[in-house]
$ cat coords.cif   # mmCIF, C-alpha atoms and all ligand atoms
data_upload
#
loop_
_atom_site.label_atom_id
_atom_site.label_comp_id
_atom_site.auth_asym_id
_atom_site.auth_seq_id
_atom_site.Cartn_x
_atom_site.Cartn_y
_atom_site.Cartn_z
CA MET A 223 -29.62 -25.23 1.98
CA ALA A 224 -29.53 -24.51 -1.75
CA LYS A 225 -27.79 -26.77 -4.26
CA ILE A 226 -25.15 -25.24 -6.56
CA LEU A 227 -26.46 -25.30 -10.13
CA GLU A 228 -23.72 -23.45 -11.98
CA VAL A 229 -20.21 -22.07 -11.53
CA LEU A 230 -18.98 -19.81 -14.31
CA ALA A 231 -15.78 -17.77 -14.63
CA ARG A 232 -14.78 -15.06 -17.09
CA SER A 233 -11.93 -12.61 -17.48
CA VAL A 234 -12.66 -8.95 -16.64
CA TRP A 235 -10.39 -5.89 -16.09
CA ASP A 236 -9.09 -4.38 -12.87
CA SER A 237 -8.19 -0.82 -11.81
CA ARG A 238 -4.69 -1.12 -13.30
CA GLY A 239 -6.17 -2.28 -16.62
CA ARG A 240 -4.99 -5.83 -16.00
CA PRO A 241 -7.12 -8.95 -16.50
CA THR A 242 -8.60 -10.63 -13.46
CA VAL A 243 -11.06 -13.42 -12.63
CA GLU A 244 -14.80 -12.92 -12.16
CA VAL A 245 -16.95 -15.83 -10.99
CA GLU A 246 -20.70 -16.39 -10.83
CA VAL A 247 -22.27 -19.08 -8.69
CA ALA A 248 -25.95 -19.91 -9.28
CA VAL A 249 -28.47 -21.68 -7.07
CA LYS A 250 -32.22 -21.98 -7.66
CA GLY A 251 -33.60 -18.43 -7.91
CA ALA A 252 -30.39 -16.63 -6.90
CA ARG A 253 -26.81 -15.97 -7.99
CA GLY A 254 -23.68 -14.51 -6.49
CA ARG A 255 -20.82 -12.79 -8.27
CA ALA A 256 -17.34 -11.75 -7.18
CA ILE A 257 -14.07 -10.51 -8.70
CA ALA A 258 -10.52 -11.32 -7.51
CA PRO A 259 -8.33 -8.32 -6.57
CA ALA A 260 -4.52 -8.23 -7.01
CA GLY A 261 -1.67 -6.93 -4.86
CA ALA A 262 1.56 -5.23 -5.99
CA SER A 263 3.45 -5.36 -2.69
CA THR A 264 2.84 -9.00 -1.93
CA GLY A 265 4.12 -11.14 0.93
CA SER A 266 6.02 -14.28 -0.06
CA GLY A 267 3.58 -16.44 1.92
CA GLU A 268 0.51 -15.34 -0.06
CA ALA A 269 -1.74 -17.64 -2.09
CA LYS A 270 -0.32 -17.50 -5.62
CA SER A 271 -2.32 -16.00 -8.45
CA ILE A 272 -1.92 -17.74 -11.78
CA GLU A 273 -2.33 -16.49 -15.33
CA VAL A 274 -5.95 -15.34 -15.69
CA ARG A 275 -6.83 -17.44 -18.77
CA GLN A 276 -5.62 -20.54 -16.98
CA ALA A 277 -7.48 -19.57 -13.76
CA VAL A 278 -10.73 -19.04 -15.70
CA HIS A 279 -10.28 -22.38 -17.46
CA GLY A 280 -9.74 -24.16 -14.12
CA VAL A 281 -12.95 -22.70 -12.68
CA ASN A 282 -14.99 -23.60 -15.76
CA THR A 283 -13.74 -27.20 -15.81
CA GLU A 284 -12.35 -28.78 -12.60
CA ILE A 285 -13.88 -26.44 -10.02
CA ARG A 286 -17.24 -26.42 -11.77
CA SER A 287 -17.32 -30.26 -11.82
CA ALA A 288 -16.38 -30.42 -8.15
CA LEU A 289 -19.00 -27.91 -6.95
CA VAL A 290 -22.06 -28.31 -9.16
CA GLY A 291 -24.59 -30.50 -7.36
CA LYS A 292 -23.08 -29.80 -3.91
CA LEU A 293 -24.97 -27.90 -1.25
CA LEU A 294 -24.00 -24.26 -0.79
CA ASN A 295 -22.04 -24.31 2.47
CA GLN A 296 -19.10 -21.95 2.83
CA GLU A 297 -16.90 -24.15 4.95
CA GLU A 298 -17.51 -27.29 2.91
CA ASN A 299 -17.26 -25.53 -0.43
CA ASP A 300 -13.99 -23.89 0.62
CA LYS A 301 -12.61 -27.24 1.77
CA ILE A 302 -13.42 -28.73 -1.63
CA LEU A 303 -11.49 -25.86 -3.27
CA VAL A 304 -8.47 -26.27 -0.99
CA ASP A 305 -8.36 -30.07 -1.40
CA LEU A 306 -8.89 -29.92 -5.14
CA ASP A 307 -6.01 -27.46 -5.52
CA GLY A 308 -3.80 -29.69 -3.38
CA THR A 309 -0.85 -27.27 -3.05
CA PRO A 310 0.12 -25.30 0.09
CA ASP A 311 0.01 -21.98 -1.80
CA LYS A 312 -2.98 -22.59 -4.11
CA SER A 313 -0.68 -22.34 -7.10
CA ARG A 314 -2.29 -25.12 -9.14
CA LEU A 315 -5.79 -23.69 -9.55
CA GLY A 316 -4.68 -20.19 -8.51
CA GLY A 317 -5.44 -18.03 -5.49
CA ASN A 318 -7.20 -15.62 -7.87
CA ALA A 319 -9.58 -18.36 -9.08
CA ILE A 320 -10.18 -19.73 -5.59
CA VAL A 321 -10.92 -16.41 -3.87
CA ALA A 322 -13.41 -15.40 -6.58
CA VAL A 323 -15.24 -18.73 -6.28
CA SER A 324 -15.23 -18.59 -2.48
CA LEU A 325 -16.63 -15.03 -2.43
CA ALA A 326 -19.20 -15.80 -5.15
CA CYS A 327 -20.44 -18.73 -3.02
CA ALA A 328 -20.96 -16.34 -0.09
CA HIS A 329 -22.86 -13.88 -2.30
CA ALA A 330 -25.04 -16.70 -3.68
CA ALA A 331 -25.82 -17.94 -0.16
CA ALA A 332 -26.82 -14.44 0.94
CA ALA A 333 -28.89 -13.87 -2.21
CA ALA A 334 -30.69 -17.19 -1.66
CA THR A 335 -31.88 -15.90 1.73
CA LYS A 336 -32.68 -12.48 0.20
CA LYS A 337 -30.32 -10.73 2.60
CA PRO A 338 -27.42 -8.41 1.90
CA LEU A 339 -24.13 -10.21 2.46
CA TRP A 340 -23.25 -8.26 5.63
CA LYS A 341 -26.56 -9.21 7.24
CA PHE A 342 -26.26 -12.83 6.17
CA LEU A 343 -22.76 -13.04 7.71
CA ALA A 344 -23.73 -11.23 10.91
CA GLY A 345 -26.64 -13.55 11.70
CA ASN A 346 -28.10 -12.42 15.01
CA ARG A 347 -24.99 -10.54 16.12
CA ALA A 348 -25.24 -6.77 16.60
CA VAL A 349 -22.93 -5.00 14.18
CA ALA A 350 -21.15 -1.66 13.99
CA MET A 351 -19.54 0.20 11.12
CA PRO A 352 -15.75 -0.25 10.76
CA VAL A 353 -13.38 2.68 11.18
CA PRO A 354 -11.75 3.60 7.85
CA GLN A 355 -8.01 3.99 7.22
CA ILE A 356 -7.85 6.20 4.13
CA GLN A 357 -4.77 6.91 2.04
CA ILE A 358 -3.82 10.50 1.32
CA PHE A 359 -0.33 10.01 -0.21
CA GLY A 360 0.69 6.83 -2.05
CA GLY A 361 4.24 5.61 -2.57
CA GLY A 362 6.26 2.42 -2.63
CA ALA A 363 5.28 -0.23 -5.16
CA HIS A 364 2.14 1.78 -5.98
CA ALA A 365 4.02 4.83 -7.28
CA GLN A 366 7.20 3.42 -8.83
CA GLY A 367 9.01 3.81 -5.51
CA ARG A 368 8.89 7.62 -5.69
CA MET A 369 8.41 7.64 -1.91
CA ASP A 370 9.72 4.73 0.13
CA VAL A 371 6.81 4.52 2.55
CA GLN A 372 3.82 3.02 0.72
CA ASP A 373 0.74 4.43 2.45
CA PHE A 374 0.32 7.71 4.32
CA MET A 375 -3.24 7.36 5.63
CA ILE A 376 -5.58 9.09 8.02
CA ILE A 377 -7.93 7.72 10.65
CA CYS A 378 -10.68 10.11 11.75
CA THR A 379 -10.27 9.20 15.40
CA GLY A 380 -12.67 11.88 16.63
CA ALA A 381 -15.49 11.21 14.16
CA GLY A 382 -18.81 9.96 15.44
CA SER A 383 -19.84 7.81 12.49
CA PHE A 384 -18.60 6.15 9.30
CA GLY A 385 -20.28 8.87 7.23
CA GLU A 386 -18.65 11.62 9.29
CA SER A 387 -15.26 9.95 8.84
CA LEU A 388 -15.71 10.18 5.07
CA GLU A 389 -16.83 13.81 5.25
CA TRP A 390 -13.74 14.71 7.25
CA THR A 391 -11.53 12.69 4.91
CA ALA A 392 -12.87 14.57 1.89
CA GLU A 393 -11.76 17.83 3.58
CA VAL A 394 -8.27 16.53 4.40
CA TYR A 395 -7.83 14.99 0.93
CA ARG A 396 -8.69 18.31 -0.71
CA ALA A 397 -6.49 20.28 1.68
CA ALA A 398 -3.54 17.96 0.95
CA GLY A 399 -4.09 18.37 -2.80
CA ALA A 400 -4.21 22.16 -2.46
CA ARG A 401 -0.92 22.20 -0.52
CA LEU A 402 0.78 20.10 -3.19
CA ALA A 403 -0.60 22.16 -6.06
CA LYS A 404 0.67 25.35 -4.39
CA ARG A 405 4.19 23.90 -4.21
CA SER A 406 3.99 22.36 -7.71
CA ALA A 407 4.77 19.08 -6.01
CA LEU A 408 2.05 16.89 -7.48
CA TYR A 409 2.87 14.13 -9.98
CA GLY A 410 -0.65 12.65 -10.14
CA VAL A 411 -2.29 9.87 -8.17
CA ALA A 412 -0.83 6.51 -7.18
CA ASP A 413 -2.47 3.10 -7.70
CA GLU A 414 -4.95 3.49 -4.86
CA GLY A 415 -5.93 7.09 -5.62
CA GLY A 416 -3.68 8.83 -3.08
CA TYR A 417 -1.60 11.78 -4.27
CA TRP A 418 1.77 10.92 -5.76
CA PRO A 419 3.88 13.77 -4.41
CA ALA A 420 7.37 15.04 -5.21
CA PHE A 421 8.76 15.19 -1.69
CA LYS A 422 12.44 15.17 -0.76
CA SER A 423 12.06 12.84 2.21
CA ASN A 424 9.53 10.49 3.73
CA GLU A 425 9.31 12.70 6.80
CA GLU A 426 8.28 15.64 4.62
CA ALA A 427 5.14 13.67 3.73
CA LEU A 428 4.35 13.34 7.44
CA ALA A 429 4.79 17.07 8.00
CA GLU A 430 2.63 17.88 4.96
CA LEU A 431 -0.07 15.45 6.00
CA THR A 432 -0.17 16.92 9.51
CA GLY A 433 -0.37 20.38 7.90
CA ALA A 434 -3.25 19.26 5.66
CA ILE A 435 -5.18 17.98 8.68
CA SER A 436 -4.81 21.43 10.31
CA ASP A 437 -5.61 23.29 7.06
CA ALA A 438 -8.86 21.33 6.88
CA GLY A 439 -9.77 22.65 10.33
CA PHE A 440 -9.09 19.55 12.41
CA GLU A 441 -6.85 19.02 15.39
CA PRO A 442 -4.12 16.54 14.43
CA GLY A 443 -4.31 13.56 16.77
CA ALA A 444 -7.55 14.43 18.56
CA ASP A 445 -9.76 14.64 15.46
CA VAL A 446 -7.71 13.09 12.71
CA ALA A 447 -4.63 10.92 13.21
CA ILE A 448 -2.07 9.31 10.91
CA ALA A 449 -1.65 5.64 9.96
CA LEU A 450 1.34 4.41 7.94
CA ASP A 451 2.00 1.32 5.88
CA ILE A 452 5.78 1.15 5.59
CA ALA A 453 5.48 -2.08 3.51
CA ALA A 454 9.06 -2.65 4.66
CA THR A 455 9.51 -5.99 2.88
CA GLN A 456 9.82 -3.90 -0.30
CA LEU A 457 12.70 -1.91 1.22
CA TRP A 458 14.68 -4.87 2.58
CA ARG A 459 17.75 -6.05 0.72
CA GLY A 460 20.77 -7.78 2.18
CA GLY A 461 19.56 -7.28 5.73
CA ARG A 462 19.21 -3.49 5.43
CA TYR A 463 16.35 -1.11 4.67
CA HIS A 464 16.89 0.97 1.55
CA LEU A 465 15.36 4.45 1.49
CA ALA A 466 15.95 5.33 -2.16
CA LEU A 467 14.29 8.76 -1.88
CA GLU A 468 16.74 9.75 0.85
CA ASN A 469 19.66 7.92 -0.72
CA ARG A 470 20.52 5.99 2.46
CA THR A 471 20.16 2.56 3.97
CA LEU A 472 19.22 1.77 7.57
CA SER A 473 19.85 -1.17 9.87
CA ALA A 474 16.79 -2.56 11.66
CA ASP A 475 17.90 -0.63 14.78
CA GLN A 476 18.16 2.62 12.85
CA LEU A 477 14.73 2.09 11.29
CA HIS A 478 13.35 1.34 14.77
CA ALA A 479 14.81 4.61 16.08
CA MET A 480 13.49 6.58 13.09
CA LEU A 481 9.95 5.25 13.55
CA LEU A 482 10.03 6.06 17.27
CA ARG A 483 11.07 9.60 16.40
CA TRP A 484 8.17 9.87 13.96
CA ILE A 485 5.73 8.64 16.61
CA GLU A 486 7.00 11.35 18.97
CA ARG A 487 6.77 14.14 16.38
CA TYR A 488 3.58 13.31 14.45
CA PRO A 489 0.09 12.14 15.46
CA ILE A 490 0.67 8.53 14.35
CA VAL A 491 -1.66 5.89 15.79
CA SER A 492 -0.98 2.89 13.53
CA ILE A 493 2.02 1.47 11.63
CA GLU A 494 1.71 -1.48 9.24
CA ASP A 495 4.64 -3.73 8.29
CA PRO A 496 7.26 -1.51 9.96
CA PHE A 497 9.82 -4.26 9.32
CA ALA A 498 10.23 -6.88 6.61
CA GLU A 499 8.35 -10.16 6.69
CA HIS A 500 11.63 -12.02 7.38
CA ASP A 501 12.71 -9.67 10.16
CA ALA A 502 10.54 -11.13 12.93
CA GLU A 503 13.01 -10.21 15.70
CA ALA A 504 12.90 -6.55 14.69
CA MET A 505 9.11 -6.69 14.56
CA ALA A 506 8.91 -8.16 18.08
CA SER A 507 11.43 -5.68 19.46
CA PHE A 508 9.52 -2.75 17.95
CA THR A 509 6.24 -4.11 19.34
CA ARG A 510 7.80 -4.26 22.82
CA THR A 511 8.86 -0.62 22.57
CA ALA A 512 6.00 0.98 20.64
CA GLY A 513 3.11 -1.49 20.93
CA GLY A 514 1.74 0.27 24.01
CA LYS A 515 1.47 3.54 22.08
CA VAL A 516 0.42 2.59 18.56
CA GLN A 517 -1.28 -0.17 16.63
CA ILE A 518 1.34 -2.34 14.89
CA VAL A 519 -0.18 -4.19 11.97
CA GLY A 520 1.14 -7.32 10.24
CA ASP A 521 0.26 -7.50 6.55
CA ASP A 522 3.01 -9.21 4.48
CA PHE A 523 4.16 -10.41 7.90
CA PHE A 524 1.02 -12.52 8.55
CA VAL A 525 -0.49 -12.84 5.04
CA THR A 526 -3.91 -13.53 6.69
CA ASP A 527 -2.54 -16.90 7.81
CA LYS A 528 -3.87 -18.02 11.19
CA ASN A 529 -0.74 -20.03 11.97
CA LYS A 530 1.59 -17.12 11.22
CA LEU A 531 -0.58 -14.98 13.50
CA LEU A 532 -0.26 -17.50 16.32
CA ASP A 533 3.55 -17.62 15.81
CA GLY A 534 3.59 -13.82 15.91
CA LYS A 535 1.58 -13.81 19.12
CA ALA A 536 3.99 -16.34 20.69
CA MET A 537 6.97 -14.08 19.98
CA GLY A 538 5.14 -10.82 20.74
CA ALA A 539 5.24 -9.44 17.20
CA CYS A 540 2.56 -6.88 16.20
CA ASN A 541 -0.75 -6.26 17.93
CA ALA A 542 -3.05 -6.22 14.89
CA VAL A 543 -3.50 -8.06 11.61
CA LEU A 544 -4.57 -7.03 8.11
CA LEU A 545 -7.19 -9.39 6.67
CA LYS A 546 -7.09 -9.81 2.88
CA PRO A 547 -9.12 -12.76 1.59
CA ASN A 548 -7.02 -13.19 -1.56
CA GLN A 549 -3.84 -13.40 0.51
CA VAL A 550 -4.94 -16.73 1.96
CA GLY A 551 -7.46 -17.84 -0.69
CA THR A 552 -10.81 -18.66 0.90
CA LEU A 553 -13.30 -16.90 3.14
CA THR A 554 -13.16 -19.77 5.65
CA GLU A 555 -9.41 -19.29 6.10
CA THR A 556 -9.81 -15.50 6.34
CA LEU A 557 -12.45 -15.92 9.04
CA ALA A 558 -10.22 -18.38 10.91
CA CYS A 559 -7.48 -15.73 11.00
CA TRP A 560 -9.93 -13.11 12.31
CA ARG A 561 -11.14 -15.50 15.03
CA ALA A 562 -7.54 -16.27 16.00
CA ALA A 563 -6.85 -12.53 16.16
CA GLN A 564 -9.80 -12.00 18.48
CA GLU A 565 -8.62 -14.79 20.78
CA ALA A 566 -5.08 -13.40 20.77
CA GLY A 567 -6.36 -9.92 21.64
CA TYR A 568 -5.10 -8.52 18.31
CA GLY A 569 -6.82 -5.72 16.42
CA ALA A 570 -7.87 -6.32 12.82
CA ILE A 571 -8.44 -4.42 9.59
CA VAL A 572 -10.17 -5.83 6.51
CA SER A 573 -8.22 -4.59 3.50
CA ALA A 574 -8.54 -4.19 -0.25
CA ARG A 575 -5.59 -4.68 -2.61
CA SER A 576 -3.84 -2.10 -4.78
CA GLY A 577 -5.43 -3.72 -7.85
CA GLU A 578 -9.20 -3.55 -7.33
CA THR A 579 -12.52 -3.44 -9.18
CA GLU A 580 -16.12 -2.44 -8.56
CA ASP A 581 -16.43 -5.48 -6.28
CA VAL A 582 -17.48 -4.32 -2.81
CA SER A 583 -17.46 -7.67 -0.98
CA ILE A 584 -14.82 -6.64 1.56
CA VAL A 585 -17.07 -3.93 3.03
CA HIS A 586 -19.69 -6.58 3.71
CA LEU A 587 -17.08 -8.88 5.30
CA ALA A 588 -15.90 -6.15 7.67
CA VAL A 589 -19.43 -5.28 8.82
CA GLY A 590 -20.79 -8.84 8.84
CA TRP A 591 -17.86 -10.32 10.73
CA GLY A 592 -17.61 -7.37 13.11
CA VAL A 593 -14.04 -6.43 12.12
CA PRO A 594 -13.49 -2.95 13.60
CA GLN A 595 -11.41 -1.35 10.83
CA LEU A 596 -11.46 -1.12 7.02
CA LYS A 597 -8.74 -0.09 4.53
CA VAL A 598 -9.65 0.30 0.87
CA GLY A 599 -7.15 2.88 -0.44
CA SER A 600 -7.71 6.57 -1.02
CA PHE A 601 -10.62 8.94 -1.55
CA ALA A 602 -10.55 8.99 -5.35
CA ARG A 603 -10.99 6.50 -8.21
CA SER A 604 -14.23 4.59 -8.52
CA GLU A 605 -12.90 1.20 -7.45
CA ARG A 606 -12.20 2.85 -4.04
CA MET A 607 -15.27 5.10 -3.89
CA ALA A 608 -17.56 2.14 -4.73
CA LYS A 609 -16.47 0.60 -1.42
CA TRP A 610 -16.82 3.76 0.68
CA ASN A 611 -20.25 4.34 -0.90
CA GLU A 612 -21.31 0.78 -0.10
CA GLY A 613 -20.35 1.51 3.51
CA MET A 614 -22.61 4.59 3.42
CA ARG A 615 -25.53 2.44 2.27
CA ILE A 616 -24.89 -0.13 4.98
CA GLU A 617 -24.60 2.53 7.67
CA GLU A 618 -27.93 3.96 6.53
CA ALA A 619 -29.54 0.49 6.64
CA LEU A 620 -28.19 0.08 10.18
CA GLY A 621 -29.83 3.27 11.40
CA GLY A 622 -27.27 5.89 10.41
CA SER A 623 -25.19 7.90 12.81
CA LYS A 624 -27.13 6.76 15.90
CA LEU A 625 -25.06 3.57 15.80
CA PRO A 626 -22.28 3.09 18.33
CA TYR A 627 -19.04 3.86 16.46
CA PRO A 628 -15.73 2.52 17.77
CA ALA A 629 -13.23 5.16 16.51
CA ARG A 630 -12.70 7.11 19.74
CA LYS A 631 -12.41 3.96 21.82
CA LEU A 632 -10.00 2.24 19.42
CA PHE A 633 -7.62 5.13 19.05
CA LYS A 634 -7.45 6.95 22.31
CA ARG A 635 -3.79 7.78 21.90
CA ARG A 636 -2.20 5.32 24.29
C1 LIG A 701 -1.02 -3.22 1.32
C2 LIG A 701 -1.87 -3.26 0.06
C3 LIG A 701 -2.95 -2.23 0.07
P1 LIG A 701 -0.99 -4.42 -2.08
O1 LIG A 701 0.21 -3.36 1.26
O2 LIG A 701 -1.56 -3.11 2.41
O3 LIG A 701 -2.43 -0.94 0.32
O4 LIG A 701 -1.09 -3.16 -1.10
O5 LIG A 701 -2.38 -4.79 -2.47
O6 LIG A 701 -0.16 -3.94 -3.25
O7 LIG A 701 -0.31 -5.50 -1.31
MG MG A 702 0.37 -3.43 3.53
#

$ encode --input "coords.cif" --output "structure tokens"
Amino acid sequence: MAKILEVLARSVWDSRGRPTVEVEVAVKGARGRAIAPAGASTGSGEAKSIEVRQAVHGVNTEIRSALVGKLLNQEENDKILVDLDGTPDKSRLGGNAIVAVSLACAHAAAAATKKPLWKFLAGNRAVAMPVPQIQIFGGGAHAQGRMDVQDFMIICTGAGSFGESLEWTAEVYRAAGARLAKRSALYGVADEGGYWPAFKSNEEALAELTGAISDAGFEPGADVAIALDIAATQLWRGGRYHLALENRTLSADQLHAMLLRWIERYPIVSIEDPFAEHDAEAMASFTRTAGGKVQIVGDDFFVTDKNKLLDGKAMGACNAVLLKPNQVGTLTETLACWRAAQEAGYGAIVSARSGETEDVSIVHLAVGWGVPQLKVGSFARSERMAKWNEGMRIEEALGGSKLPYPARKLFKRR
């Protein structure tokens, strides 16, 4: 095992033009580099990012002293980071500093063995490409609340490979843009590259998205289905859900009924954060009713925390988890949550954040750990396309479209 020779942080810029932390870890003859992403719709239980200058300073002083001279070992290095920080939410050294160091250690370890990160993580395990969830319309905290629902995404449930999923997505993305342009209903693109549309209701977005799938020549549901991220914590105030676009508020029961109606009317196969992170009862009740039909994903609800996932399992809330390394802080903790999800029989999706960079580590994590789904935003803007393109390269290295691909099996509409 290689000894860590250097740990170096600097400030770089993210996709929203905000500063973020980049870290390099060097061992003899190899180095690894990673950049911290940033969320806008964050769960309260997430690892806390701190001011970037302070985070960079902490890496270049305390973290550097603690790691230089140690052997490169993900679990041990991550434990050093967690212990050194000493807070439950990583707020002293910063979740942004810690995740960049943790990921840079993984890249350095892979580089030292001359393997791509996905291959290094997979070891001898057979791997498959993850199924993408790709945003077509963006709303919520990523588009100044212009639509209440944050992500209207597609899953190419009938595609036979990762590459084919992207080809189909390109068609649907263009068809959706053409529909909006025709109606003069296009404001621009939201933070993750999805269209920022001028719709009158959230349901109109569902109807338009279903129409765009058909316009592109696909059968809604059989070929291309819909996934939503309600990001409902953002809508929750005083125990009710506020739909500003529709000028109304809903009780948890009313939201439950509305989502069931949407599932009946539109080809929806996955709903993320349908209720607020504090509304666990509503989440469990919805999972009892709809969990047999659709994937119900906890994002702000689980914040990639293994213990929250186990609590959720005990009360029957959700049947899948979003995995975001910067939500919990280290790769070791992210992997622990994925392992807990597998044991609990939960689905999982590795996810980017709304603030991203050219860093493509998460694609490698999804493939290397065998996580069956991947969410990185829309089909525009280079911080998103860099990740889809990295997936293309990995699929090619794995033998292209001859690989088994899990989309049809995962999303047979239940
Ligand atoms: C989410 C993510 C990505 P953010 O809610 O799933 O879409 O958004 O990074 O702002 O939390
Ligand atoms: Mg989310």

$ residues_near_ligand --input "coords.cif" --ligand "ligand LIG 701 (chain A)" --cutoff "9 Å" --atoms "only C-alpha atoms and all ligand atoms" --output "ChimeraX atom specification"
/A:259-265,357,360,363-364,372-373,413-414,451-453,494-495,521-522,544,546,549,573-578,597-599

$ closest_residue --input "coords.cif" --among "A:Gly362, A:Pro352, A:Gly443, A:Gly621" --to "Tyr488 (chain A)" --atoms "all atoms listed in the file"
A:Gly443

$ atom_distance --input "coords.cif" --atom1 "CA of Val516 (chain A)" --atom2 "CA of Gly461 (chain A)"
25.1 Å

$ atom_distance --input "coords.cif" --atom1 "CA of Ala348 (chain A)" --atom2 "CA of Gly254 (chain A)"
24.4 Å

$ residues_around --input "coords.cif" --residues "Ala438 (chain A)" --least-positions-apart "6" --cutoff "6 Å" --atoms "all atoms listed in the file" --output "PDB file with C-alpha atoms, in the coordinates of the input"
ATOM      1  CA  GLU A 393     -11.760  17.830   3.580  1.00  0.00           C
ATOM      2  CA  VAL A 394      -8.270  16.530   4.400  1.00  0.00           C
ATOM      3  CA  ALA A 397      -6.490  20.280   1.680  1.00  0.00           C
TER       4      ALA A 397
END

$ build_atoms --input "coords.cif" --residues "region 587-604 of chain A" --atoms "N, CA and C atoms" --output "mmCIF file, keeping the file's coordinate frame"
data_model
loop_
_atom_site.group_PDB
_atom_site.id
_atom_site.type_symbol
_atom_site.label_atom_id
_atom_site.label_comp_id
_atom_site.auth_asym_id
_atom_site.auth_seq_id
_atom_site.Cartn_x
_atom_site.Cartn_y
_atom_site.Cartn_z
ATOM 1 N N LEU A 587 -17.800 -7.983 4.374
ATOM 2 C CA LEU A 587 -17.080 -8.880 5.300
ATOM 3 C C LEU A 587 -16.764 -8.131 6.590
ATOM 4 N N ALA A 588 -16.280 -6.907 6.467
ATOM 5 C CA ALA A 588 -15.900 -6.150 7.670
ATOM 6 C C ALA A 588 -17.121 -5.957 8.576
ATOM 7 N N VAL A 589 -18.238 -5.531 7.993
ATOM 8 C CA VAL A 589 -19.430 -5.280 8.820
ATOM 9 C C VAL A 589 -19.984 -6.609 9.353
ATOM 10 N N GLY A 590 -20.140 -7.583 8.468
ATOM 11 C CA GLY A 590 -20.790 -8.840 8.840
ATOM 12 C C GLY A 590 -20.011 -9.642 9.862
ATOM 13 N N TRP A 591 -18.689 -9.582 9.768
ATOM 14 C CA TRP A 591 -17.860 -10.320 10.730
ATOM 15 C C TRP A 591 -17.540 -9.485 11.972
ATOM 16 N N GLY A 592 -17.902 -8.216 11.947
ATOM 17 C CA GLY A 592 -17.610 -7.370 13.110
ATOM 18 C C GLY A 592 -16.152 -6.978 13.225
ATOM 19 N N VAL A 593 -15.448 -6.868 12.083
ATOM 20 C CA VAL A 593 -14.040 -6.430 12.120
ATOM 21 C C VAL A 593 -14.048 -4.907 12.275
ATOM 22 N N PRO A 594 -13.297 -4.369 13.248
ATOM 23 C CA PRO A 594 -13.490 -2.950 13.600
ATOM 24 C C PRO A 594 -12.863 -1.924 12.665
ATOM 25 N N GLN A 595 -12.025 -2.341 11.711
ATOM 26 C CA GLN A 595 -11.410 -1.350 10.830
ATOM 27 C C GLN A 595 -11.443 -1.823 9.367
ATOM 28 N N LEU A 596 -11.363 -0.832 8.459
ATOM 29 C CA LEU A 596 -11.460 -1.120 7.020
ATOM 30 C C LEU A 596 -10.488 -0.222 6.257
ATOM 31 N N LYS A 597 -9.711 -0.839 5.351
ATOM 32 C CA LYS A 597 -8.740 -0.090 4.530
ATOM 33 C C LYS A 597 -9.033 -0.409 3.066
ATOM 34 N N VAL A 598 -9.397 0.598 2.281
ATOM 35 C CA VAL A 598 -9.650 0.300 0.870
ATOM 36 C C VAL A 598 -8.902 1.225 -0.078
ATOM 37 N N GLY A 599 -7.900 1.971 0.434
ATOM 38 C CA GLY A 599 -7.150 2.880 -0.440
ATOM 39 C C GLY A 599 -7.574 4.311 -0.171
ATOM 40 N N SER A 600 -7.529 5.136 -1.226
ATOM 41 C CA SER A 600 -7.710 6.570 -1.020
ATOM 42 C C SER A 600 -9.149 7.025 -1.209
ATOM 43 N N PHE A 601 -9.294 8.329 -1.431
ATOM 44 C CA PHE A 601 -10.620 8.940 -1.550
ATOM 45 C C PHE A 601 -10.793 9.476 -2.970
ATOM 46 N N ALA A 602 -10.407 8.667 -3.923
ATOM 47 C CA ALA A 602 -10.550 8.990 -5.350
ATOM 48 C C ALA A 602 -10.524 7.669 -6.093
ATOM 49 N N ARG A 603 -10.937 7.673 -7.325
ATOM 50 C CA ARG A 603 -10.990 6.500 -8.210
ATOM 51 C C ARG A 603 -12.174 5.599 -7.805
ATOM 52 N N SER A 604 -12.945 5.248 -8.795
ATOM 53 C CA SER A 604 -14.230 4.590 -8.520
ATOM 54 C C SER A 604 -14.123 3.217 -7.863
#
